[in-house]
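S.K.: For reference, this is query_25.tsv, and it has TSV, C-alpha atoms and all ligand atoms.
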```
chain	number	residue	atom	x	y	z
A	1	MET	CA	0.00	0.00	0.00
A	2	THR	CA	1.34	3.46	-0.82
A	3	ASP	CA	1.83	5.84	2.03
A	4	THR	CA	-1.22	8.00	1.25
A	5	GLN	CA	-3.45	4.94	0.78
A	6	ASP	CA	-2.47	3.69	4.23
A	7	LYS	CA	-3.85	6.91	5.75
A	8	ALA	CA	-7.55	7.50	6.29
A	9	LEU	CA	-9.74	10.42	7.28
A	10	VAL	CA	-13.03	9.24	8.79
A	11	LEU	CA	-16.14	11.44	8.76
A	12	PHE	CA	-16.93	10.97	12.43
A	13	SER	CA	-20.12	12.29	14.02
A	14	GLY	CA	-20.12	10.22	17.20
A	15	GLY	CA	-23.02	8.07	15.98
A	16	GLN	CA	-23.26	4.32	15.58
A	17	ASP	CA	-22.43	4.23	11.88
A	18	SER	CA	-19.42	6.51	11.93
A	19	THR	CA	-18.05	4.77	15.04
A	20	THR	CA	-18.28	1.41	13.24
A	21	CYS	CA	-16.53	2.99	10.24
A	22	LEU	CA	-13.82	4.34	12.50
A	23	ALA	CA	-13.18	0.85	13.90
A	24	TRP	CA	-13.16	-0.52	10.33
A	25	ALA	CA	-10.51	2.04	9.35
A	26	LEU	CA	-8.42	1.47	12.48
A	27	GLU	CA	-8.35	-2.25	11.69
A	28	ARG	CA	-7.02	-1.57	8.18
A	29	PHE	CA	-4.93	1.57	8.02
A	30	ALA	CA	-1.79	2.62	9.86
A	31	HIS	CA	-2.83	6.23	10.33
A	32	VAL	CA	-6.41	7.31	10.97
A	33	GLU	CA	-7.65	10.84	11.56
A	34	THR	CA	-11.21	11.91	12.34
A	35	LEU	CA	-13.27	14.84	11.15
A	36	GLY	CA	-16.48	16.19	12.64
A	37	PHE	CA	-18.76	19.02	11.61
A	38	ASP	CA	-20.57	21.53	13.73
A	39	TYR	CA	-23.33	22.53	11.33
A	40	GLY	CA	-25.84	23.91	13.79
A	41	GLN	CA	-27.36	20.57	14.75
A	42	ARG	CA	-30.36	20.98	16.98
A	43	HIS	CA	-28.52	19.12	19.73
A	44	ALA	CA	-24.94	19.47	20.91
A	45	VAL	CA	-25.29	16.00	22.45
A	46	GLU	CA	-24.12	14.48	19.15
A	47	LEU	CA	-20.88	16.46	19.25
A	48	ALA	CA	-20.34	15.54	22.91
A	49	ALA	CA	-20.49	11.86	21.95
A	50	ARG	CA	-17.47	12.30	19.64
A	51	GLY	CA	-15.07	13.02	22.48
A	52	ARG	CA	-16.44	10.17	24.60
A	53	VAL	CA	-16.09	7.63	21.79
A	54	LEU	CA	-12.53	8.71	20.89
A	55	ALA	CA	-11.46	8.56	24.56
A	56	ALA	CA	-13.08	5.13	25.00
A	57	ILE	CA	-11.34	3.74	21.90
A	58	ARG	CA	-7.95	4.99	23.12
A	59	GLU	CA	-8.59	3.47	26.55
A	60	ARG	CA	-10.19	0.14	25.65
A	61	PHE	CA	-8.48	-0.78	22.35
A	62	PRO	CA	-4.71	-0.54	22.78
A	63	ARG	CA	-4.11	-2.09	19.34
A	64	TRP	CA	-5.97	0.81	17.73
A	65	ALA	CA	-4.84	3.60	20.03
A	66	GLY	CA	-1.47	4.05	18.29
A	67	ARG	CA	-3.14	4.41	14.90
A	68	LEU	CA	-5.76	6.92	16.03
A	69	LYS	CA	-4.30	10.35	15.28
A	70	ASP	CA	-5.64	13.92	15.10
A	71	ASP	CA	-9.28	14.83	15.47
A	72	HIS	CA	-10.60	17.82	13.52
A	73	LEU	CA	-13.80	19.80	13.93
A	74	LEU	CA	-14.99	22.20	11.26
A	75	VAL	CA	-17.77	24.73	11.80
A	76	THR	CA	-20.15	24.53	8.83
A	77	ASP	CA	-23.04	26.48	10.29
A	78	VAL	CA	-23.57	27.97	6.84
A	79	LEU	CA	-25.69	24.86	6.14
A	80	ALA	CA	-28.28	25.93	8.70
A	81	ARG	CA	-28.52	29.33	7.02
A	82	LEU	CA	-29.18	27.93	3.56
A	83	GLY	CA	-32.52	26.35	4.37
A	84	GLU	CA	-34.61	24.71	7.02
A	85	SER	CA	-34.08	21.07	7.93
A	86	ALA	CA	-35.55	19.31	10.96
A	87	LEU	CA	-31.94	18.57	11.96
A	88	THR	CA	-31.05	22.24	12.23
A	89	HIS	CA	-34.38	23.88	13.04
A	90	ALA	CA	-37.32	23.15	15.33
A	91	LYS	CA	-39.69	21.65	12.78
A	92	PRO	CA	-41.50	18.28	12.63
A	93	ILE	CA	-39.59	15.15	11.61
A	94	GLU	CA	-41.67	13.60	8.83
A	95	THR	CA	-41.56	12.40	5.25
A	96	PRO	CA	-44.14	14.09	3.02
A	97	GLU	CA	-45.86	11.87	0.43
A	98	GLY	CA	-43.46	11.40	-2.49
A	99	GLY	CA	-40.91	13.80	-0.97
A	100	LEU	CA	-37.68	13.78	0.98
A	101	PRO	CA	-37.65	13.50	4.80
A	102	THR	CA	-37.64	16.87	6.58
A	103	THR	CA	-34.38	15.75	8.23
A	104	PHE	CA	-32.63	15.91	4.84
A	105	VAL	CA	-29.99	18.66	4.71
A	106	PRO	CA	-29.44	19.37	0.99
A	107	GLY	CA	-25.81	19.10	-0.04
A	108	ARG	CA	-24.60	18.00	3.39
A	109	ASN	CA	-22.66	14.87	2.47
A	110	ILE	CA	-21.37	16.44	-0.73
A	111	LEU	CA	-20.07	19.40	1.25
A	112	PHE	CA	-18.66	17.17	4.01
A	113	PHE	CA	-16.69	14.98	1.61
A	114	THR	CA	-15.46	18.05	-0.29
A	115	LEU	CA	-14.18	19.60	2.94
A	116	ALA	CA	-12.73	16.24	4.02
A	117	ALA	CA	-10.86	15.98	0.72
A	118	ALA	CA	-9.54	19.53	1.06
A	119	LEU	CA	-8.23	18.69	4.54
A	120	ALA	CA	-6.85	15.30	3.48
A	121	HIS	CA	-5.12	16.82	0.44
A	122	GLY	CA	-2.75	18.84	2.58
A	123	ARG	CA	-2.13	15.99	5.03
A	124	GLY	CA	-1.18	13.25	2.57
A	125	ILE	CA	-4.28	11.20	3.32
A	126	GLY	CA	-5.70	9.08	0.48
A	127	ARG	CA	-8.73	7.36	1.99
A	128	LEU	CA	-11.94	9.20	2.87
A	129	VAL	CA	-14.30	7.07	4.95
A	130	GLY	CA	-18.01	7.70	5.53
A	131	GLY	CA	-20.86	5.73	7.07
A	132	MET	CA	-23.38	6.32	4.28
A	133	CYS	CA	-25.68	3.42	3.55
A	134	GLU	CA	-28.12	2.65	0.79
A	135	THR	CA	-29.66	-0.50	2.30
A	136	ASP	CA	-31.62	0.73	5.29
A	137	PHE	CA	-32.01	3.85	3.22
A	138	SER	CA	-33.37	6.88	5.03
A	139	GLY	CA	-34.23	8.35	1.65
A	140	TYR	CA	-31.25	10.69	1.48
A	141	PRO	CA	-30.05	10.92	-2.14
A	142	ASP	CA	-26.56	12.00	-1.01
A	143	CYS	CA	-26.11	8.63	0.77
A	144	ARG	CA	-26.37	6.74	-2.51
A	145	ASP	CA	-23.42	4.77	-3.81
A	146	ASP	CA	-23.69	6.49	-7.19
A	147	THR	CA	-23.60	9.95	-5.59
A	148	LEU	CA	-20.43	9.10	-3.69
A	149	LYS	CA	-18.72	7.37	-6.62
A	150	ALA	CA	-19.45	10.41	-8.78
A	151	LEU	CA	-18.12	12.62	-6.01
A	152	GLN	CA	-14.89	10.59	-5.84
A	153	VAL	CA	-14.34	11.25	-9.54
A	154	ALA	CA	-15.09	14.97	-9.16
A	155	LEU	CA	-12.77	15.32	-6.14
A	156	ASN	CA	-9.91	13.54	-7.89
A	157	LEU	CA	-10.28	15.64	-11.04
A	158	GLY	CA	-10.82	18.87	-9.14
A	159	MET	CA	-7.92	18.42	-6.72
A	160	GLU	CA	-5.51	16.50	-9.00
A	161	ALA	CA	-5.47	13.74	-6.40
A	162	ARG	CA	-6.03	10.01	-5.88
A	163	PHE	CA	-8.66	9.79	-3.18
A	164	VAL	CA	-10.58	6.60	-2.55
A	165	VAL	CA	-14.01	7.22	-1.02
A	166	GLU	CA	-14.69	4.27	1.29
A	167	THR	CA	-18.23	3.47	2.46
A	168	PRO	CA	-17.99	0.17	4.35
A	169	LEU	CA	-21.64	0.21	5.41
A	170	MET	CA	-23.10	0.96	1.98
A	171	TRP	CA	-24.71	-2.44	1.39
A	172	LEU	CA	-25.23	-3.56	4.98
A	173	THR	CA	-28.51	-3.65	6.90
A	174	LYS	CA	-28.51	-2.11	10.37
A	175	ALA	CA	-28.38	-5.65	11.81
A	176	GLN	CA	-25.29	-6.34	9.69
A	177	SER	CA	-23.70	-3.10	10.94
A	178	TRP	CA	-24.00	-4.38	14.52
A	179	ALA	CA	-22.48	-7.68	13.36
A	180	LEU	CA	-19.61	-5.78	11.72
A	181	ALA	CA	-18.93	-3.94	14.98
A	182	GLU	CA	-18.79	-7.27	16.78
A	183	ASP	CA	-16.46	-8.75	14.13
A	184	LEU	CA	-14.11	-5.77	14.40
A	185	GLY	CA	-13.97	-5.25	18.15
A	186	GLY	CA	-15.97	-8.02	19.80
A	187	GLU	CA	-18.40	-7.46	22.62
A	188	ALA	CA	-16.23	-4.57	23.88
A	189	LEU	CA	-16.89	-2.55	20.72
A	190	VAL	CA	-20.61	-3.39	20.75
A	191	ARG	CA	-20.75	-2.15	24.34
A	192	LEU	CA	-18.88	1.03	23.40
A	193	VAL	CA	-21.33	1.69	20.55
A	194	VAL	CA	-24.32	1.05	22.82
A	195	GLU	CA	-23.07	3.18	25.69
A	196	GLU	CA	-21.20	6.07	24.10
A	197	THR	CA	-22.51	6.79	20.61
A	198	HIS	CA	-25.46	9.01	19.83
A	199	THR	CA	-28.02	8.63	17.04
A	200	CYS	CA	-31.33	10.10	18.30
A	201	TYR	CA	-32.66	13.04	16.28
A	202	LEU	CA	-34.24	14.56	19.40
A	203	GLY	CA	-31.04	14.54	21.42
A	204	GLU	CA	-32.51	12.36	24.18
A	205	ARG	CA	-30.36	9.95	26.20
A	206	THR	CA	-32.91	7.57	27.75
A	207	PRO	CA	-31.11	4.20	28.14
A	208	HIS	CA	-32.23	1.13	26.14
A	209	ASP	CA	-30.48	-2.17	25.36
A	210	TRP	CA	-29.60	-0.77	21.90
A	211	GLY	CA	-28.30	2.55	23.24
A	212	ALA	CA	-29.55	5.90	24.44
A	213	GLY	CA	-32.35	7.79	22.72
A	214	CYS	CA	-36.01	8.74	22.66
A	215	GLY	CA	-36.92	5.35	21.18
A	216	ALA	CA	-39.48	6.84	18.80
A	217	CYS	CA	-37.80	9.07	16.19
A	218	PRO	CA	-36.81	7.49	12.83
A	219	ALA	CA	-33.12	7.26	13.82
A	220	CYS	CA	-33.93	5.50	17.12
A	221	ALA	CA	-36.44	3.20	15.43
A	222	LEU	CA	-33.90	2.12	12.79
A	223	ARG	CA	-31.19	1.55	15.39
A	224	ALA	CA	-33.47	-0.41	17.76
A	225	LYS	CA	-34.85	-2.57	14.94
A	226	GLY	CA	-31.37	-3.42	13.66
A	227	PHE	CA	-30.15	-4.26	17.15
A	228	ALA	CA	-33.13	-6.57	17.78
A	229	GLU	CA	-32.63	-8.33	14.42
A	230	TRP	CA	-28.92	-8.78	15.05
A	231	ARG	CA	-29.49	-10.17	18.55
A	232	ALA	CA	-32.22	-12.53	17.26
A	233	GLY	CA	-30.01	-13.69	14.38
A	234	ARG	CA	-27.02	-14.65	16.53
A	235	ARG	CA	-28.94	-16.76	19.04
A	236	PRO	CA	-28.23	-20.49	18.53
A	301	ZN	ZN	-34.77	9.32	19.01
```
Do you think you could lay out the structure here as C-alpha cells?

M.R.:
Amino acid sequence: MTDTQDKALVLFSGGQDSTTCLAWALERFAHVETLGFDYGQRHAVELAARGRVLAAIRERFPRWAGRLKDDHLLVTDVLARLGESALTHAKPIETPEGGLPTTFVPGRNILFFTLAAALAHGRGIGRLVGGMCETDFSGYPDCRDDTLKALQVALNLGMEARFVVETPLMWLTKAQSWALAEDLGGEALVRLVVEETHTCYLGERTPHDWGAGCGACPACALRAKGFAEWRAGRRP
C-alpha cells in the first residue's frame, strides 16, 4: 500500500455508523484521523459523543490507540442558514408523500466529503471514509453509492489527487452493521457503541439495550430494529 493509501480520514459524528466505520478504518490503516462538523445541529449531544467515543477507543483498544491520530472539527453552520431542515431547526420530523424526509440537509454529504478531501489533500491522506448506507435507506439521495462514486471522480479531477471514497456500510442492513462492529472489536466494541454513541434526532439519552435515545424518532427506530434483528439472528 502506498503511504497516502495507508492513511484515512473518517467522517466521524459520534453516531453508531461513523463509530463502526472508525473501527473498520483502524483495523485496516496505519494512520487514521477523524473529522467532525458543527453545522448547527439541533442538539450538541451528538458532538459531545465524539469526544467520549474517541477517549473510549484509546482506553479500551490498545491495538488501535497508536493508529488513532488527530481529530478535527470544522464549523459549517452555513448549512443551517441555507434552508430549514428538521436537523437544524425546530420543525417536525416527517416524510411528506413522495418527498424527501424533513431531516434531509441538501448538499450536506457532498459538502462534508469536499471539505474532508480539502483537509486530506494537505495531510497526505488518500482514503476518505463515511458511514453512508443505501440498504436501510433513510431516503437521502446524497447517501447513494452512485452519488459518492461520482463525487470521488469529481474530487480527484478537481484536486488532481487520488482519493478513494470508502463506504464500508453501503450495502449492509442495520443488523449487519451491529455484526460488523462485533467482528471488528468483539463485545467490547458493541458495548462502546451502545453506551457512548449518539443517534437520536431529538437529542434524548434515555437508556435502552440498543443505546440511548427517545426510542421513537426514525433514527432510534432504525437503530433499535437493527439491534433486535442482530441479537435474534445470533442466538443459537
Ligand atoms: Zn430518538

S.K.: Which of these residues is nearest to A:Arg108, using all atoms listed in the file: A:Gly185, A:Gly158, A:Gly66, A:Pro141?

M.R.: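 Checking each of A:Gly185, A:Gly158, A:Gly66, A:Pro141 against A:Arg108, counting all atoms listed in the file, the winner is A:Pro141.
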
S.K.: May I have the residues within 10 Å of ligand ZN 301 (chain A), computed using all atoms listed in the file, as an MDAnalysis selection string?

M.R.: chainID A and resid 198:206 212:224

S.K.: Interatomic distance between atom CA of A:Ala44 and atom CA of A:Trp230?

M.R.: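 For atom CA of A:Ala44 relative to atom CA of A:Trp230, the distance reads 29.1 Å.
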
S.K.: Find, counting only C-alpha atoms, the residue in A:Leu184, A:Val164, A:Pro106, A:Leu115 that gets nearest to A:Trp64.

M.R.: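 For A:Trp64, the nearest of the candidates is A:Leu184.
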
S.K.: From the set A:Met170, A:Ala90, A:Ala175, A:Ala117, which residue has the shortest atom-to-atom contact distance to A:Asn156, counting all atoms listed in the file?

M.R.: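 Closest to A:Asn156 of all the choices is A:Ala117.
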
S.K.: Extract, using only C-alpha atoms, all DNA, RNA and protein residues at most 12 Å from A:Thr34, discarding same-chain residues fewer than 2 positions from it, and format them as a PDB file with C-alpha atoms, in the frame of the given file.

M.R.:
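Here's the written file part-v9.pdb:
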```pdb
ATOM      1  CA  LYS A   7      -3.850   6.910   5.750  1.00  0.00           C
ATOM      2  CA  ALA A   8      -7.550   7.500   6.290  1.00  0.00           C
ATOM      3  CA  LEU A   9      -9.740  10.420   7.280  1.00  0.00           C
ATOM      4  CA  VAL A  10     -13.030   9.240   8.790  1.00  0.00           C
ATOM      5  CA  LEU A  11     -16.140  11.440   8.760  1.00  0.00           C
ATOM      6  CA  PHE A  12     -16.930  10.970  12.430  1.00  0.00           C
ATOM      7  CA  SER A  13     -20.120  12.290  14.020  1.00  0.00           C
ATOM      8  CA  GLY A  14     -20.120  10.220  17.200  1.00  0.00           C
ATOM      9  CA  SER A  18     -19.420   6.510  11.930  1.00  0.00           C
ATOM     10  CA  THR A  19     -18.050   4.770  15.040  1.00  0.00           C
ATOM     11  CA  CYS A  21     -16.530   2.990  10.240  1.00  0.00           C
ATOM     12  CA  LEU A  22     -13.820   4.340  12.500  1.00  0.00           C
ATOM     13  CA  ALA A  23     -13.180   0.850  13.900  1.00  0.00           C
ATOM     14  CA  ALA A  25     -10.510   2.040   9.350  1.00  0.00           C
ATOM     15  CA  LEU A  26      -8.420   1.470  12.480  1.00  0.00           C
ATOM     16  CA  HIS A  31      -2.830   6.230  10.330  1.00  0.00           C
ATOM     17  CA  VAL A  32      -6.410   7.310  10.970  1.00  0.00           C
ATOM     18  CA  GLY A  36     -16.480  16.190  12.640  1.00  0.00           C
ATOM     19  CA  PHE A  37     -18.760  19.020  11.610  1.00  0.00           C
ATOM     20  CA  ARG A  50     -17.470  12.300  19.640  1.00  0.00           C
ATOM     21  CA  GLY A  51     -15.070  13.020  22.480  1.00  0.00           C
ATOM     22  CA  VAL A  53     -16.090   7.630  21.790  1.00  0.00           C
ATOM     23  CA  LEU A  54     -12.530   8.710  20.890  1.00  0.00           C
ATOM     24  CA  ARG A  67      -3.140   4.410  14.900  1.00  0.00           C
ATOM     25  CA  LEU A  68      -5.760   6.920  16.030  1.00  0.00           C
ATOM     26  CA  LYS A  69      -4.300  10.350  15.280  1.00  0.00           C
ATOM     27  CA  ASP A  70      -5.640  13.920  15.100  1.00  0.00           C
ATOM     28  CA  ASP A  71      -9.280  14.830  15.470  1.00  0.00           C
ATOM     29  CA  HIS A  72     -10.600  17.820  13.520  1.00  0.00           C
ATOM     30  CA  LEU A  73     -13.800  19.800  13.930  1.00  0.00           C
ATOM     31  CA  LEU A  74     -14.990  22.200  11.260  1.00  0.00           C
ATOM     32  CA  ALA A 116     -12.730  16.240   4.020  1.00  0.00           C
ATOM     33  CA  LEU A 119      -8.230  18.690   4.540  1.00  0.00           C
ATOM     34  CA  ALA A 120      -6.850  15.300   3.480  1.00  0.00           C
ATOM     35  CA  ILE A 125      -4.280  11.200   3.320  1.00  0.00           C
ATOM     36  CA  ARG A 127      -8.730   7.360   1.990  1.00  0.00           C
ATOM     37  CA  LEU A 128     -11.940   9.200   2.870  1.00  0.00           C
ATOM     38  CA  VAL A 129     -14.300   7.070   4.950  1.00  0.00           C
ATOM     39  CA  GLY A 130     -18.010   7.700   5.530  1.00  0.00           C
TER      40      GLY A 130
END
```

S.K.: Which polymer residues, protein or nucleic acid, are no farther than 12 Å from (-24.6, 12.4, -2.5), counting only C-alpha atoms, as a ChimeraX atom specification?

M.R.: /A:104-114,130,132-134,139-152,154,165

S.K.: Go ahead and write the selection's residues with C-alpha atoms as a CSV table (one decimal), keeping the file's coordinate frame.

M.R.:
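And here's result.csv as it stands now:
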```
chain,number,residue,atom,x,y,z
A,104,PHE,CA,-32.6,15.9,4.8
A,105,VAL,CA,-30.0,18.7,4.7
A,106,PRO,CA,-29.4,19.4,1.0
A,107,GLY,CA,-25.8,19.1,0.0
A,108,ARG,CA,-24.6,18.0,3.4
A,109,ASN,CA,-22.7,14.9,2.5
A,110,ILE,CA,-21.4,16.4,-0.7
A,111,LEU,CA,-20.1,19.4,1.2
A,112,PHE,CA,-18.7,17.2,4.0
A,113,PHE,CA,-16.7,15.0,1.6
A,114,THR,CA,-15.5,18.0,-0.3
A,130,GLY,CA,-18.0,7.7,5.5
A,132,MET,CA,-23.4,6.3,4.3
A,133,CYS,CA,-25.7,3.4,3.6
A,134,GLU,CA,-28.1,2.6,0.8
A,139,GLY,CA,-34.2,8.4,1.6
A,140,TYR,CA,-31.2,10.7,1.5
A,141,PRO,CA,-30.0,10.9,-2.1
A,142,ASP,CA,-26.6,12.0,-1.0
A,143,CYS,CA,-26.1,8.6,0.8
A,144,ARG,CA,-26.4,6.7,-2.5
A,145,ASP,CA,-23.4,4.8,-3.8
A,146,ASP,CA,-23.7,6.5,-7.2
A,147,THR,CA,-23.6,10.0,-5.6
A,148,LEU,CA,-20.4,9.1,-3.7
A,149,LYS,CA,-18.7,7.4,-6.6
A,150,ALA,CA,-19.4,10.4,-8.8
A,151,LEU,CA,-18.1,12.6,-6.0
A,152,GLN,CA,-14.9,10.6,-5.8
A,154,ALA,CA,-15.1,15.0,-9.2
A,165,VAL,CA,-14.0,7.2,-1.0
```

S.K.: What does the distance from atom CA of A:Leu172 to atom CA of A:Ser85 come to in Å, to one decimal?

M.R.: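 Rounded to one decimal, the two atoms are 26.3 Å apart.
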
S.K.: Select, from A:Leu155, A:Gly131, A:Glu182, A:Arg231, the residue with the minimum atom-to-atom distance to A:Asp17, counting all atoms listed in the file.

M.R.: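 Comparing A:Leu155, A:Gly131, A:Glu182, A:Arg231 against A:Asp17, the winner is A:Gly131.
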
S.K.: Just the number, please: distance in Å from atom CA of A:Pro62 to atom CA of A:Pro207, one decimal.

M.R.: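 Atom CA of A:Pro207 lies at a distance of 27.4 Å from atom CA of A:Pro62.
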
S.K.: Between A:Arg81, A:Lys174, A:Arg60, A:Arg28, single out the one closest to A:Gln16, counting only C-alpha atoms.

M.R.: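 Of the candidates, the smallest distance to A:Gln16 is held by A:Lys174.
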
S.K.: Using all atoms listed in the file, which residue out of A:Gly126, A:Leu180, A:Thr103, A:Gly83 lies closest to A:Met1?

M.R.: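 Once distances to A:Met1 are computed over all atoms listed in the file, the minimum belongs to A:Gly126.
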